[in-house]
>>> print(open('data39.csv').read())   # CSV, C-alpha atoms and all ligand atoms
chain,number,residue,atom,x,y,z
A,178,MET,CA,19.9,9.6,25.4
A,179,SER,CA,17.1,8.3,23.2
A,180,ALA,CA,14.9,10.8,21.4
A,181,THR,CA,11.9,8.4,21.2
A,182,ARG,CA,9.0,8.1,23.6
A,183,THR,CA,9.2,5.4,26.3
A,184,PRO,CA,7.6,2.0,25.4
A,185,ALA,CA,4.8,2.7,27.9
A,186,LYS,CA,4.0,6.0,26.3
A,187,HIS,CA,4.3,4.8,22.7
A,188,PHE,CA,0.8,3.2,22.8
A,189,SER,CA,-1.0,6.0,24.7
A,190,ALA,CA,-3.2,8.5,22.9
A,191,LEU,CA,-1.6,11.8,22.0
A,192,ALA,CA,-4.6,13.9,23.1
A,193,VAL,CA,-7.0,13.6,26.0
A,194,GLY,CA,-10.1,11.9,24.7
A,195,ALA,CA,-8.6,10.5,21.5
A,196,PRO,CA,-8.8,6.8,21.0
A,197,ASP,CA,-5.9,4.6,22.0
A,198,PRO,CA,-3.7,3.6,19.1
A,199,TYR,CA,-4.0,0.0,17.8
A,200,ARG,CA,-1.5,-2.4,19.2
A,201,GLN,CA,-2.0,-4.5,16.1
A,202,LEU,CA,-3.3,-3.4,12.7
A,203,PRO,CA,-6.8,-4.5,11.9
A,204,VAL,CA,-6.6,-7.6,9.6
A,205,LYS,CA,-7.8,-6.4,6.2
A,206,LEU,CA,-7.4,-7.5,2.6
A,207,GLU,CA,-5.9,-4.5,0.7
A,208,ARG,CA,-4.8,-6.0,-2.7
A,209,MET,CA,-5.5,-2.8,-4.5
A,210,ILE,CA,-5.9,0.8,-3.4
A,211,HIS,CA,-8.2,2.2,-6.1
A,212,PHE,CA,-7.7,5.9,-6.9
A,213,VAL,CA,-10.7,8.1,-7.7
A,214,PRO,CA,-10.6,11.9,-8.5
A,215,PRO,CA,-13.4,13.1,-6.2
A,216,HIS,CA,-14.0,16.4,-7.9
A,217,ASN,CA,-15.4,14.5,-10.9
A,218,GLU,CA,-19.1,14.1,-10.3
A,219,LYS,CA,-19.7,11.4,-12.8
A,220,ILE,CA,-17.0,9.3,-11.2
A,221,ARG,CA,-18.3,10.1,-7.7
A,222,ASN,CA,-21.7,8.8,-8.7
A,223,ARG,CA,-20.1,5.5,-9.7
A,224,VAL,CA,-18.5,4.9,-6.3
A,225,ARG,CA,-21.4,2.8,-5.2
A,226,GLU,CA,-20.8,0.3,-8.0
A,227,LEU,CA,-17.1,0.4,-7.3
A,228,ILE,CA,-17.2,-0.5,-3.6
A,229,PRO,CA,-17.9,-4.2,-4.0
A,230,GLN,CA,-15.3,-4.6,-6.7
A,231,VAL,CA,-12.2,-3.2,-4.8
A,232,ASP,CA,-10.6,-3.6,-1.4
A,233,VAL,CA,-9.9,0.1,-0.9
A,234,VAL,CA,-11.4,3.2,-2.4
A,235,LEU,CA,-9.1,6.2,-2.2
A,236,GLY,CA,-10.2,9.8,-2.9
A,237,ASN,CA,-7.1,11.5,-4.4
A,238,LEU,CA,-6.6,15.1,-3.5
A,239,GLU,CA,-2.9,15.4,-4.4
A,240,ASP,CA,-1.0,15.1,-7.7
A,241,ALA,CA,-3.2,14.7,-10.8
A,242,ILE,CA,-5.8,17.0,-9.2
A,243,PRO,CA,-5.4,20.5,-10.8
A,244,ALA,CA,-4.7,23.3,-8.4
A,245,ASP,CA,-8.0,25.0,-9.3
A,246,ALA,CA,-9.9,21.8,-8.4
A,247,LYS,CA,-8.3,21.1,-5.0
A,248,THR,CA,-11.3,22.5,-3.0
A,249,ALA,CA,-13.8,20.7,-5.2
A,250,ALA,CA,-11.9,17.5,-4.7
A,251,ARG,CA,-11.9,17.8,-0.9
A,252,ARG,CA,-15.6,18.6,-0.8
A,253,GLY,CA,-16.3,15.8,-3.3
A,254,PHE,CA,-14.5,13.4,-1.1
A,255,ILE,CA,-16.5,14.4,1.9
A,256,GLU,CA,-19.7,14.0,-0.1
A,257,MET,CA,-18.7,10.5,-1.4
A,258,ALA,CA,-17.7,9.4,2.1
A,259,LYS,CA,-21.1,10.5,3.5
A,260,ALA,CA,-23.2,9.2,0.6
A,261,ASN,CA,-21.9,5.6,0.6
A,262,ASP,CA,-21.8,2.6,2.9
A,263,PHE,CA,-18.3,1.1,2.4
A,264,GLY,CA,-18.9,-2.1,4.4
A,265,GLU,CA,-15.7,-4.2,4.4
A,266,THR,CA,-14.1,-2.0,1.7
A,267,GLY,CA,-11.6,0.5,3.1
A,268,LEU,CA,-12.1,4.3,2.7
A,269,TRP,CA,-8.8,6.2,2.3
A,270,THR,CA,-7.8,9.7,1.1
A,271,ARG,CA,-4.5,10.9,-0.2
A,272,ILE,CA,-4.2,14.5,1.1
A,273,ASN,CA,-1.9,17.1,-0.3
A,274,ALA,CA,1.8,17.2,0.9
A,275,LEU,CA,2.4,18.9,4.2
A,276,ASN,CA,4.3,21.8,2.6
A,277,SER,CA,1.5,22.6,0.2
A,278,PRO,CA,-1.1,25.3,0.7
A,279,TRP,CA,-3.9,22.7,0.9
A,280,ALA,CA,-2.8,20.1,3.4
A,281,LEU,CA,-4.0,21.8,6.6
A,282,ASP,CA,-7.5,22.4,5.2
A,283,ASP,CA,-7.6,18.9,3.8
A,284,ILE,CA,-7.2,17.5,7.3
A,285,LEU,CA,-9.2,20.2,9.2
A,286,GLU,CA,-12.2,19.8,6.9
A,287,ILE,CA,-12.2,16.0,6.2
A,288,VAL,CA,-11.6,14.7,9.8
A,289,PRO,CA,-14.6,16.4,11.4
A,290,ALA,CA,-16.9,15.7,8.4
A,291,ALA,CA,-15.9,12.1,7.6
A,292,GLY,CA,-13.4,11.0,10.2
A,293,ALA,CA,-15.6,8.3,11.6
A,294,LYS,CA,-15.7,6.6,8.2
A,295,LEU,CA,-12.1,7.2,7.2
A,296,ASP,CA,-9.7,4.3,7.7
A,297,VAL,CA,-6.5,5.7,6.4
A,298,ILE,CA,-4.9,9.0,5.4
A,299,MET,CA,-2.2,8.6,2.7
A,300,LEU,CA,0.5,11.2,3.3
A,301,PRO,CA,2.6,12.0,0.2
A,302,LYS,CA,6.3,13.0,0.1
A,303,VAL,CA,7.2,11.9,3.6
A,304,GLU,CA,10.8,12.8,4.3
A,305,GLY,CA,11.2,11.7,7.9
A,306,PRO,CA,9.5,10.8,11.1
A,307,TRP,CA,8.8,14.5,11.8
A,308,ASP,CA,6.1,14.5,9.1
A,309,ILE,CA,4.4,11.5,10.7
A,310,HIS,CA,4.7,13.1,14.2
A,311,TYR,CA,3.0,16.3,13.0
A,312,LEU,CA,0.0,14.5,11.4
A,313,ASP,CA,-0.2,12.0,14.3
A,314,GLN,CA,-0.6,14.8,16.9
A,315,LEU,CA,-3.0,16.8,14.8
A,316,LEU,CA,-5.2,13.7,14.2
A,317,ALA,CA,-5.3,12.9,17.9
A,318,GLN,CA,-6.4,16.4,18.7
A,319,LEU,CA,-9.1,16.3,16.0
A,320,GLU,CA,-10.3,12.8,17.0
A,321,ALA,CA,-10.7,14.0,20.6
A,322,LYS,CA,-12.4,17.2,19.6
A,323,HIS,CA,-14.9,15.4,17.3
A,324,ALA,CA,-15.4,12.3,19.4
A,325,ILE,CA,-14.0,9.9,16.8
A,326,SER,CA,-13.7,6.5,18.5
A,327,LYS,CA,-11.5,4.6,16.0
A,328,PRO,CA,-8.0,5.9,15.2
A,329,ILE,CA,-7.4,7.1,11.7
A,330,LEU,CA,-4.2,5.4,10.4
A,331,ILE,CA,-1.4,7.0,8.4
A,332,HIS,CA,0.1,5.5,5.2
A,333,ALA,CA,3.3,7.1,3.9
A,334,ILE,CA,4.3,7.4,0.3
A,335,LEU,CA,8.0,6.7,0.0
A,336,GLU,CA,8.9,9.0,-2.9
A,337,THR,CA,11.9,11.2,-2.0
A,338,ALA,CA,15.6,10.4,-1.7
A,339,GLU,CA,15.4,11.7,1.9
A,340,GLY,CA,12.4,9.5,2.7
A,341,VAL,CA,14.3,6.5,1.5
A,342,LYS,CA,17.3,7.5,3.6
A,343,ASN,CA,14.9,7.7,6.7
A,344,VAL,CA,12.6,4.8,5.8
A,345,GLU,CA,13.1,2.9,9.0
A,346,ALA,CA,12.5,5.9,11.2
A,347,ILE,CA,9.3,6.6,9.2
A,348,ALA,CA,8.1,3.1,9.8
A,349,ALA,CA,8.8,3.4,13.5
A,350,ALA,CA,7.4,6.9,13.9
A,351,SER,CA,4.0,6.0,15.4
A,352,PRO,CA,1.6,3.2,16.2
A,353,ARG,CA,-0.7,5.0,13.8
A,354,MET,CA,1.4,3.9,10.9
A,355,HIS,CA,-0.5,1.6,8.6
A,356,GLY,CA,2.1,1.0,5.9
A,357,MET,CA,4.0,2.5,3.0
A,358,SER,CA,3.7,2.7,-0.8
A,359,LEU,CA,6.6,3.1,-3.2
A,360,GLY,CA,6.0,6.2,-5.4
A,361,PRO,CA,8.3,5.7,-8.4
A,362,ALA,CA,7.4,8.9,-10.2
A,363,ASP,CA,8.2,11.4,-7.5
A,364,LEU,CA,11.1,9.3,-6.4
A,365,ALA,CA,12.7,9.3,-9.8
A,366,ALA,CA,12.4,13.1,-9.9
A,367,SER,CA,13.8,13.5,-6.4
A,368,ARG,CA,16.7,11.2,-7.1
A,369,GLY,CA,17.6,12.6,-10.5
A,370,MET,CA,16.8,9.2,-12.2
A,371,LYS,CA,16.7,9.6,-15.9
A,372,THR,CA,13.2,8.3,-16.6
A,373,THR,CA,9.8,9.9,-17.4
A,374,ARG,CA,7.8,6.8,-16.6
A,375,VAL,CA,5.5,6.1,-13.7
A,376,GLY,CA,7.0,2.9,-12.5
A,377,GLY,CA,8.0,-0.2,-14.5
A,378,GLY,CA,11.2,-0.9,-16.3
A,379,HIS,CA,13.5,1.1,-18.6
A,380,PRO,CA,14.8,-0.4,-21.8
A,381,ALA,CA,18.3,0.9,-21.1
A,382,TYR,CA,18.6,-0.3,-17.5
A,383,GLY,CA,20.2,-3.7,-17.6
A,384,ILE,CA,23.1,-6.1,-18.0
A,385,LEU,CA,24.9,-7.1,-21.2
A,386,ALA,CA,26.0,-10.7,-21.3
A,387,ASP,CA,29.7,-11.3,-21.8
A,388,PRO,CA,31.0,-11.5,-25.4
A,389,SER,CA,31.0,-15.1,-26.6
A,390,PRO,CA,34.1,-16.5,-28.4
A,391,ASP,CA,32.1,-17.1,-31.6
A,392,GLY,CA,31.1,-13.4,-31.8
A,393,ALA,CA,27.4,-14.2,-31.4
A,394,PRO,CA,25.2,-11.2,-30.6
A,395,ARG,CA,25.3,-10.5,-26.8
A,396,ALA,CA,22.0,-10.8,-24.9
A,397,PHE,CA,20.8,-7.8,-22.9
A,398,PHE,CA,18.8,-8.5,-19.8
A,399,GLN,CA,16.6,-5.7,-18.5
A,400,GLN,CA,16.8,-5.2,-14.7
A,401,ASP,CA,14.3,-4.0,-12.1
A,402,MET,CA,15.2,-0.4,-11.2
A,403,TRP,CA,13.0,-0.5,-8.1
A,404,HIS,CA,14.4,-3.5,-6.5
A,405,TYR,CA,16.7,-1.8,-4.0
A,406,THR,CA,14.1,0.7,-2.8
A,407,LEU,CA,11.4,-2.0,-2.6
A,408,ALA,CA,13.6,-4.3,-0.6
A,409,ARG,CA,14.5,-1.5,1.9
A,410,MET,CA,10.9,-0.6,2.2
A,411,VAL,CA,9.7,-4.2,2.8
A,412,ASP,CA,12.3,-4.8,5.5
A,413,ALA,CA,11.5,-1.5,7.2
A,414,CYS,CA,7.8,-2.2,7.1
A,415,LEU,CA,7.9,-5.8,8.2
A,416,SER,CA,10.3,-5.2,11.0
A,417,TYR,CA,7.8,-2.7,12.5
A,418,GLY,CA,4.7,-4.7,11.8
A,419,ILE,CA,3.3,-2.4,9.1
A,420,LYS,CA,2.3,-3.2,5.4
A,421,PRO,CA,4.3,-2.5,2.3
A,422,PHE,CA,2.7,-1.7,-1.1
A,423,TYR,CA,3.9,-1.0,-4.6
A,424,GLY,CA,2.4,2.3,-5.9
A,425,PRO,CA,1.3,3.4,-9.3
A,426,PHE,CA,1.9,1.9,-12.8
A,427,GLY,CA,1.3,4.6,-15.4
A,428,ASP,CA,1.2,2.7,-18.7
A,429,PHE,CA,-2.4,1.7,-18.7
A,430,ALA,CA,-2.1,0.1,-22.1
A,431,ASP,CA,0.6,-2.3,-21.0
A,432,GLY,CA,-1.2,-4.7,-18.7
A,433,ALA,CA,1.5,-7.3,-19.0
A,434,ALA,CA,4.2,-5.0,-17.7
A,435,CYS,CA,2.0,-3.7,-14.9
A,436,GLU,CA,1.3,-7.4,-13.9
A,437,ALA,CA,5.1,-8.1,-13.9
A,438,GLN,CA,5.8,-5.0,-11.7
A,439,PHE,CA,3.0,-5.9,-9.3
A,440,ARG,CA,4.2,-9.6,-9.2
A,441,ASN,CA,7.8,-8.6,-8.3
A,442,ALA,CA,6.4,-6.5,-5.4
A,443,PHE,CA,4.1,-9.3,-4.3
A,444,LEU,CA,6.8,-12.0,-4.4
A,445,HIS,CA,9.0,-9.6,-2.5
A,446,GLY,CA,6.6,-9.2,0.4
A,447,CYS,CA,4.2,-6.4,-0.7
A,448,VAL,CA,0.5,-6.9,0.0
A,449,GLY,CA,-1.0,-4.7,-2.6
A,450,ALA,CA,-0.6,-1.9,-5.2
A,451,TRP,CA,-2.4,1.1,-6.5
A,452,SER,CA,-5.0,0.8,-9.3
A,453,LEU,CA,-5.3,4.0,-11.3
A,454,HIS,CA,-7.4,2.6,-14.1
A,455,PRO,CA,-10.2,0.0,-13.9
A,456,SER,CA,-8.2,-2.5,-15.9
A,457,GLN,CA,-5.6,-2.6,-13.1
A,458,ILE,CA,-8.2,-3.8,-10.5
A,459,ASP,CA,-8.3,-7.3,-12.0
A,460,ILE,CA,-4.5,-7.4,-12.4
A,461,ALA,CA,-4.0,-6.6,-8.7
A,462,LYS,CA,-6.6,-9.2,-7.7
A,463,ARG,CA,-4.9,-11.8,-9.8
A,464,VAL,CA,-1.4,-11.0,-8.5
A,465,PHE,CA,-2.1,-10.3,-4.8
A,466,SER,CA,-4.5,-13.2,-4.3
A,467,LEU,CA,-2.1,-16.2,-4.7
A,468,ASP,CA,-2.1,-18.9,-7.4
A,469,PRO,CA,-4.3,-21.9,-6.3
A,470,LYS,CA,-1.3,-24.2,-7.1
A,471,GLU,CA,0.8,-22.4,-4.5
A,472,VAL,CA,-2.0,-22.7,-2.0
A,473,ALA,CA,-2.3,-26.4,-2.6
A,474,PHE,CA,1.4,-26.9,-2.1
A,475,ALA,CA,1.4,-24.9,1.1
A,476,LYS,CA,-1.4,-27.1,2.4
A,477,ARG,CA,0.6,-30.2,1.7
A,478,ILE,CA,3.6,-28.7,3.7
A,479,VAL,CA,1.3,-27.9,6.7
A,480,GLU,CA,-0.3,-31.4,6.5
A,481,ALA,CA,3.1,-33.1,6.4
A,482,MET,CA,4.3,-31.2,9.5
A,483,PRO,CA,1.3,-30.7,11.7
A,484,ASP,CA,3.1,-29.1,14.6
A,485,GLY,CA,5.5,-27.1,12.4
A,486,THR,CA,8.7,-28.8,13.4
A,487,GLY,CA,11.0,-31.4,12.0
A,488,ALA,CA,11.6,-32.2,8.3
A,489,ALA,CA,9.7,-33.8,5.5
A,490,MET,CA,10.2,-34.4,1.8
A,491,ILE,CA,7.5,-33.4,-0.7
A,492,ASP,CA,8.0,-34.1,-4.4
A,493,GLY,CA,11.7,-34.3,-3.8
A,494,LYS,CA,11.9,-30.9,-2.0
A,495,MET,CA,13.1,-30.6,1.6
A,496,GLN,CA,10.6,-29.0,4.0
A,497,ASP,CA,11.4,-27.9,7.6
A,498,ASP,CA,10.3,-25.4,10.2
A,499,ALA,CA,11.2,-22.5,7.9
A,500,THR,CA,9.2,-23.7,4.9
A,501,TRP,CA,6.3,-24.4,7.3
A,502,LYS,CA,6.4,-20.7,8.2
A,503,GLN,CA,6.5,-19.8,4.5
A,504,ALA,CA,3.5,-22.0,3.9
A,505,LYS,CA,1.7,-20.4,6.9
A,506,VAL,CA,2.2,-16.9,5.3
A,507,LEU,CA,0.6,-18.2,2.1
A,508,LEU,CA,-2.3,-20.0,3.9
A,509,ASP,CA,-3.0,-17.0,6.1
A,510,LEU,CA,-3.3,-14.8,3.0
A,511,ALA,CA,-5.4,-17.5,1.2
A,512,LYS,CA,-7.8,-17.5,4.1
A,513,LEU,CA,-8.1,-13.7,4.1
A,514,VAL,CA,-8.7,-13.7,0.3
A,515,ALA,CA,-11.3,-16.5,0.7
A,516,SER,CA,-13.2,-14.5,3.4
A,517,ARG,CA,-13.9,-11.8,0.7
A,518,ASP,CA,-13.8,-13.6,-2.6
A,519,PRO,CA,-16.1,-16.7,-2.9
A,520,GLU,CA,-14.7,-17.6,-6.3
A,521,ARG,CA,-11.2,-17.9,-5.0
A,522,LYS,CA,-12.4,-19.6,-1.8
A,523,ALA,CA,-13.6,-22.4,-4.0
A,524,LEU,CA,-10.4,-22.5,-6.1
A,525,TYR,CA,-8.4,-22.7,-2.9
A,526,GLY,CA,-10.6,-25.5,-1.5
A,527,LEU,CA,-10.9,-23.6,1.8
A,601,LIG,C1,3.2,8.4,-6.7
A,601,LIG,O1,2.7,9.3,-6.0
A,601,LIG,C2,4.5,8.6,-7.4
A,601,LIG,O2,5.0,9.7,-7.3
A,601,LIG,O3,4.9,7.6,-8.0
A,602,MG,MG,3.9,11.1,-6.0
>>> encode(input="data39.csv", output="structure tokens", more="lines below")
Ligand code: GLV
Ligand code: MG
Amino acid sequence: MSATRTPAKHFSALAVGAPDPYRQLPVKLERMIHFVPPHNEKIRNRVRELIPQVDVVLGNLEDAIPADAKTAARRGFIEMAKANDFGETGLWTRINALNSPWALDDILEIVPAAGAKLDVIMLPKVEGPWDIHYLDQLLAQLEAKHAISKPILIHAILETAEGVKNVEAIAAASPRMHGMSLGPADLAASRGMKTTRVGGGHPAYGILADPSPDGAPRAFFQQDMWHYTLARMVDACLSYGIKPFYGPFGDFADGAACEAQFRNAFLHGCVGAWSLHPSQIDIAKRVFSLDPKEVAFAKRIVEAMPDGTGAAMIDGKMQDDATWKQAKVLLDLAKLVASRDPERKALYGL
């Protein structure tokens, strides 16, 4: 016997008067989810300038907000939601974990006050589909009660060993699921990994080349510790039609390493990453927008195979139906970027 809702009920609202869930996610460019601490009045006052520079503004209520500032952060988020017009820029909040003393009030205060403007709630430390079901039901009740006409989506942070074990069930838990972010800091702690970093590599995690007969020094190649988790997350997300993201990169001074981590995620299928510092906004834009050379090559593939079938040779490289689909992924993203970014629109020749 299956423990999931029937296909017909899957897409019906969970409360009378709540909006129906989306059948398909709204098409949105979300290259960076930019974190702001909403209890800080100076930063709150700068949100207006920030909005045109980023794809998503997220008011963070969880980790990095001190326990004695939790209420101020929640109130500050409501204030900044009310005070600004976000236009095409997404408005998200990261609420506190469901087992914390703050999560219920985060939800009960924010949804009535700012629910109509809120696109996505990021839920930390998701362990399994039960966490999503709880928030899903509660949001439907609140949407109905407060006549909110657009469903608020849920974005899960994948940051516990149990969450990774259940990643597919989390992705499948509700049509309210927007996507997932990899949370390397909490995940490292939960798994007992031996690192104190927030994402990125570790100098000791790697492969030593075989000894050479002449006794030359052996090369050591650093490896990506996050590869396994990221790959599982991307497969879970894409198979359920939701969006995968890389999360935070904590070494703000090492832009090159941040860029490398973001690019691995991008090449692997992720659509964006978190920016925790203003310098990471441009890194995310650069990485998650596509190189104009890639766009030009994708255009040549599509032009060589107008109906997407058959085979063609371009610069000595074989193209067929599958590379046409790869090219289509790139061009769809390029068009989405071009719709928000006039500079790149020109570079892409779109
Ligand atoms: C993010 O929340 C992380 O724990 O890495
Ligand atoms: Mg975390």
>>> atom_distance(input="data39.csv", atom1="CA of Met490 (chain A)", atom2="CA of Lys476 (chain A)")
13.7 Å
>>> residues_near_ligand(input="data39.csv", ligand="ligand MG 602 (chain A)", cutoff="7 Å", atoms="all atoms listed in the file", output="VMD selection string")
chain A and resid 240 301 to 302 336 360 362 to 363
>>> residues_around(input="data39.csv", residues="Ala430 (chain A)", least_positions_apart="2", cutoff="12 Å", atoms="only C-alpha atoms", output="ChimeraX atom specification")
/A:426-428,432-436,453-457
>>> write_last_selection(input="data39.csv", atoms="C-alpha atoms", output="PDB file, in the coordinates of the input")
ATOM      1  CA  PHE A 426       1.900   1.900 -12.800  1.00  0.00           C
ATOM      2  CA  GLY A 427       1.300   4.600 -15.400  1.00  0.00           C
ATOM      3  CA  ASP A 428       1.200   2.700 -18.700  1.00  0.00           C
ATOM      4  CA  GLY A 432      -1.200  -4.700 -18.700  1.00  0.00           C
ATOM      5  CA  ALA A 433       1.500  -7.300 -19.000  1.00  0.00           C
ATOM      6  CA  ALA A 434       4.200  -5.000 -17.700  1.00  0.00           C
ATOM      7  CA  CYS A 435       2.000  -3.700 -14.900  1.00  0.00           C
ATOM      8  CA  GLU A 436       1.300  -7.400 -13.900  1.00  0.00           C
ATOM      9  CA  LEU A 453      -5.300   4.000 -11.300  1.00  0.00           C
ATOM     10  CA  HIS A 454      -7.400   2.600 -14.100  1.00  0.00           C
ATOM     11  CA  PRO A 455     -10.200   0.000 -13.900  1.00  0.00           C
ATOM     12  CA  SER A 456      -8.200  -2.500 -15.900  1.00  0.00           C
ATOM     13  CA  GLN A 457      -5.600  -2.600 -13.100  1.00  0.00           C
TER      14      GLN A 457
END
>>> residues_around(input="data39.csv", residues="Tyr417 (chain A)", least_positions_apart="5", cutoff="12 Å", atoms="all atoms listed in the file", output="ChimeraX atom specification")
/A:200-202,344-357,410-412
>>> closest_residue(input="data39.csv", among="A:Leu444, A:Ala504, A:Ala488, A:Val234", to="Val472 (chain A)", atoms="all atoms listed in the file")
A:Ala504
>>> residues_around(input="data39.csv", residues="Ala450 (chain A)", least_positions_apart="6", cutoff="10 Å", atoms="only C-alpha atoms", output="PyMOL selection string")
chain A and resi 207-211+358-359+421-426+438-440+442-443+457-458+460-462+464-465
>>> atom_distance(input="data39.csv", atom1="atom C1 of ligand LIG 601 (chain A)", atom2="CA of Val213 (chain A)")
13.9 Å
>>> residues_near_point(input="data39.csv", point="(-6.6, -4.3, 10.7)", cutoff="12 Å", atoms="only C-alpha atoms", output="MDAnalysis selection string")
chainID A and resid 198:207 265:267 296:297 327:330 353:356 418:420 513
>>> closest_residue(input="data39.csv", among="A:Asp468, A:Pro361, A:Tyr525, A:Glu320", to="Ile334 (chain A)", atoms="only C-alpha atoms")
A:Pro361
>>> atom_distance(input="data39.csv", atom1="CA of Pro215 (chain A)", atom2="CA of Gly253 (chain A)")
4.9 Å
>>> residues_around(input="data39.csv", residues="Val193 (chain A)", least_positions_apart="6", cutoff="9 Å", atoms="only C-alpha atoms", output="list in words")
Ala317, Gln318 and Ala321 of chain A
>>> write_last_selection(input="data39.csv", atoms="C-alpha atoms", output="PDB file, keeping the file's coordinate frame")
ATOM      1  CA  ALA A 317      -5.300  12.900  17.900  1.00  0.00           C
ATOM      2  CA  GLN A 318      -6.400  16.400  18.700  1.00  0.00           C
ATOM      3  CA  ALA A 321     -10.700  14.000  20.600  1.00  0.00           C
TER       4      ALA A 321
END
>>> residues_around(input="data39.csv", residues="Pro214 (chain A)", least_positions_apart="2", cutoff="7 Å", atoms="all atoms listed in the file", output="ChimeraX atom specification")
/A:212,216-217,236-237,250
>>> closest_residue(input="data39.csv", among="A:Thr181, A:Ala246, A:Glu471, A:Leu510", to="Val448 (chain A)", atoms="only C-alpha atoms")
A:Leu510
>>> closest_residue(input="data39.csv", among="A:Ile331, A:Cys414, A:Leu285, A:Ala489", to="Arg251 (chain A)", atoms="only C-alpha atoms")
A:Leu285
>>> closest_residue(input="data39.csv", among="A:Glu304, A:Asp401, A:Asp459, A:Glu239", to="Asp283 (chain A)", atoms="all atoms listed in the file")
A:Glu239
>>> closest_residue(input="data39.csv", among="A:Gln496, A:Ser452, A:Ser389, A:Ser516", to="ligand LIG 601 (chain A)", atoms="only C-alpha atoms and all ligand atoms")
A:Ser452
>>> decode(input="data39.csv", residues="region 318-323 of chain A", atoms="all heavy atoms", output="mmCIF file, in the first residue's frame")
data_model
loop_
_atom_site.group_PDB
_atom_site.id
_atom_site.type_symbol
_atom_site.label_atom_id
_atom_site.label_comp_id
_atom_site.auth_asym_id
_atom_site.auth_seq_id
_atom_site.Cartn_x
_atom_site.Cartn_y
_atom_site.Cartn_z
ATOM 1 N N GLN A 318 -3.244 26.426 5.558
ATOM 2 C CA GLN A 318 -4.211 26.974 6.521
ATOM 3 C C GLN A 318 -4.076 28.491 6.630
ATOM 4 O O GLN A 318 -5.066 29.225 6.653
ATOM 5 C CB GLN A 318 -4.003 26.332 7.900
ATOM 6 C CG GLN A 318 -4.407 24.865 7.925
ATOM 7 C CD GLN A 318 -3.959 24.167 9.207
ATOM 8 O OE1 GLN A 318 -2.926 24.508 9.790
ATOM 9 N NE2 GLN A 318 -4.726 23.194 9.646
ATOM 10 N N LEU A 319 -2.837 28.956 6.679
ATOM 11 C CA LEU A 319 -2.615 30.404 6.816
ATOM 12 C C LEU A 319 -2.968 31.155 5.535
ATOM 13 O O LEU A 319 -3.513 32.260 5.586
ATOM 14 C CB LEU A 319 -1.157 30.679 7.208
ATOM 15 C CG LEU A 319 -0.785 30.247 8.632
ATOM 16 C CD1 LEU A 319 0.723 30.308 8.820
ATOM 17 C CD2 LEU A 319 -1.483 31.118 9.671
ATOM 18 N N GLU A 320 -2.663 30.561 4.389
ATOM 19 C CA GLU A 320 -3.041 31.212 3.117
ATOM 20 C C GLU A 320 -4.556 31.363 3.039
ATOM 21 O O GLU A 320 -5.079 32.400 2.611
ATOM 22 C CB GLU A 320 -2.536 30.374 1.927
ATOM 23 C CG GLU A 320 -1.036 30.485 1.695
ATOM 24 C CD GLU A 320 -0.490 29.391 0.765
ATOM 25 O OE1 GLU A 320 -1.237 28.424 0.455
ATOM 26 O OE2 GLU A 320 0.680 29.487 0.367
ATOM 27 N N ALA A 321 -5.270 30.306 3.463
ATOM 28 C CA ALA A 321 -6.738 30.367 3.428
ATOM 29 C C ALA A 321 -7.236 31.442 4.398
ATOM 30 O O ALA A 321 -8.043 32.299 4.040
ATOM 31 C CB ALA A 321 -7.319 29.003 3.786
ATOM 32 N N LYS A 322 -6.700 31.407 5.606
ATOM 33 C CA LYS A 322 -7.176 32.341 6.638
ATOM 34 C C LYS A 322 -6.937 33.802 6.244
ATOM 35 O O LYS A 322 -7.741 34.670 6.536
ATOM 36 C CB LYS A 322 -6.469 32.018 7.949
ATOM 37 C CG LYS A 322 -6.911 32.868 9.107
ATOM 38 C CD LYS A 322 -6.353 32.344 10.426
ATOM 39 C CE LYS A 322 -6.734 33.310 11.545
ATOM 40 N NZ LYS A 322 -5.976 33.025 12.762
ATOM 41 N N HIS A 323 -5.804 34.053 5.583
ATOM 42 C CA HIS A 323 -5.439 35.438 5.282
ATOM 43 C C HIS A 323 -5.634 35.792 3.818
ATOM 44 O O HIS A 323 -5.070 36.783 3.343
ATOM 45 C CB HIS A 323 -4.003 35.697 5.742
ATOM 46 C CG HIS A 323 -3.842 35.489 7.216
ATOM 47 N ND1 HIS A 323 -4.268 36.407 8.146
ATOM 48 C CD2 HIS A 323 -3.401 34.425 7.930
ATOM 49 C CE1 HIS A 323 -4.055 35.925 9.364
ATOM 50 N NE2 HIS A 323 -3.527 34.726 9.254
#
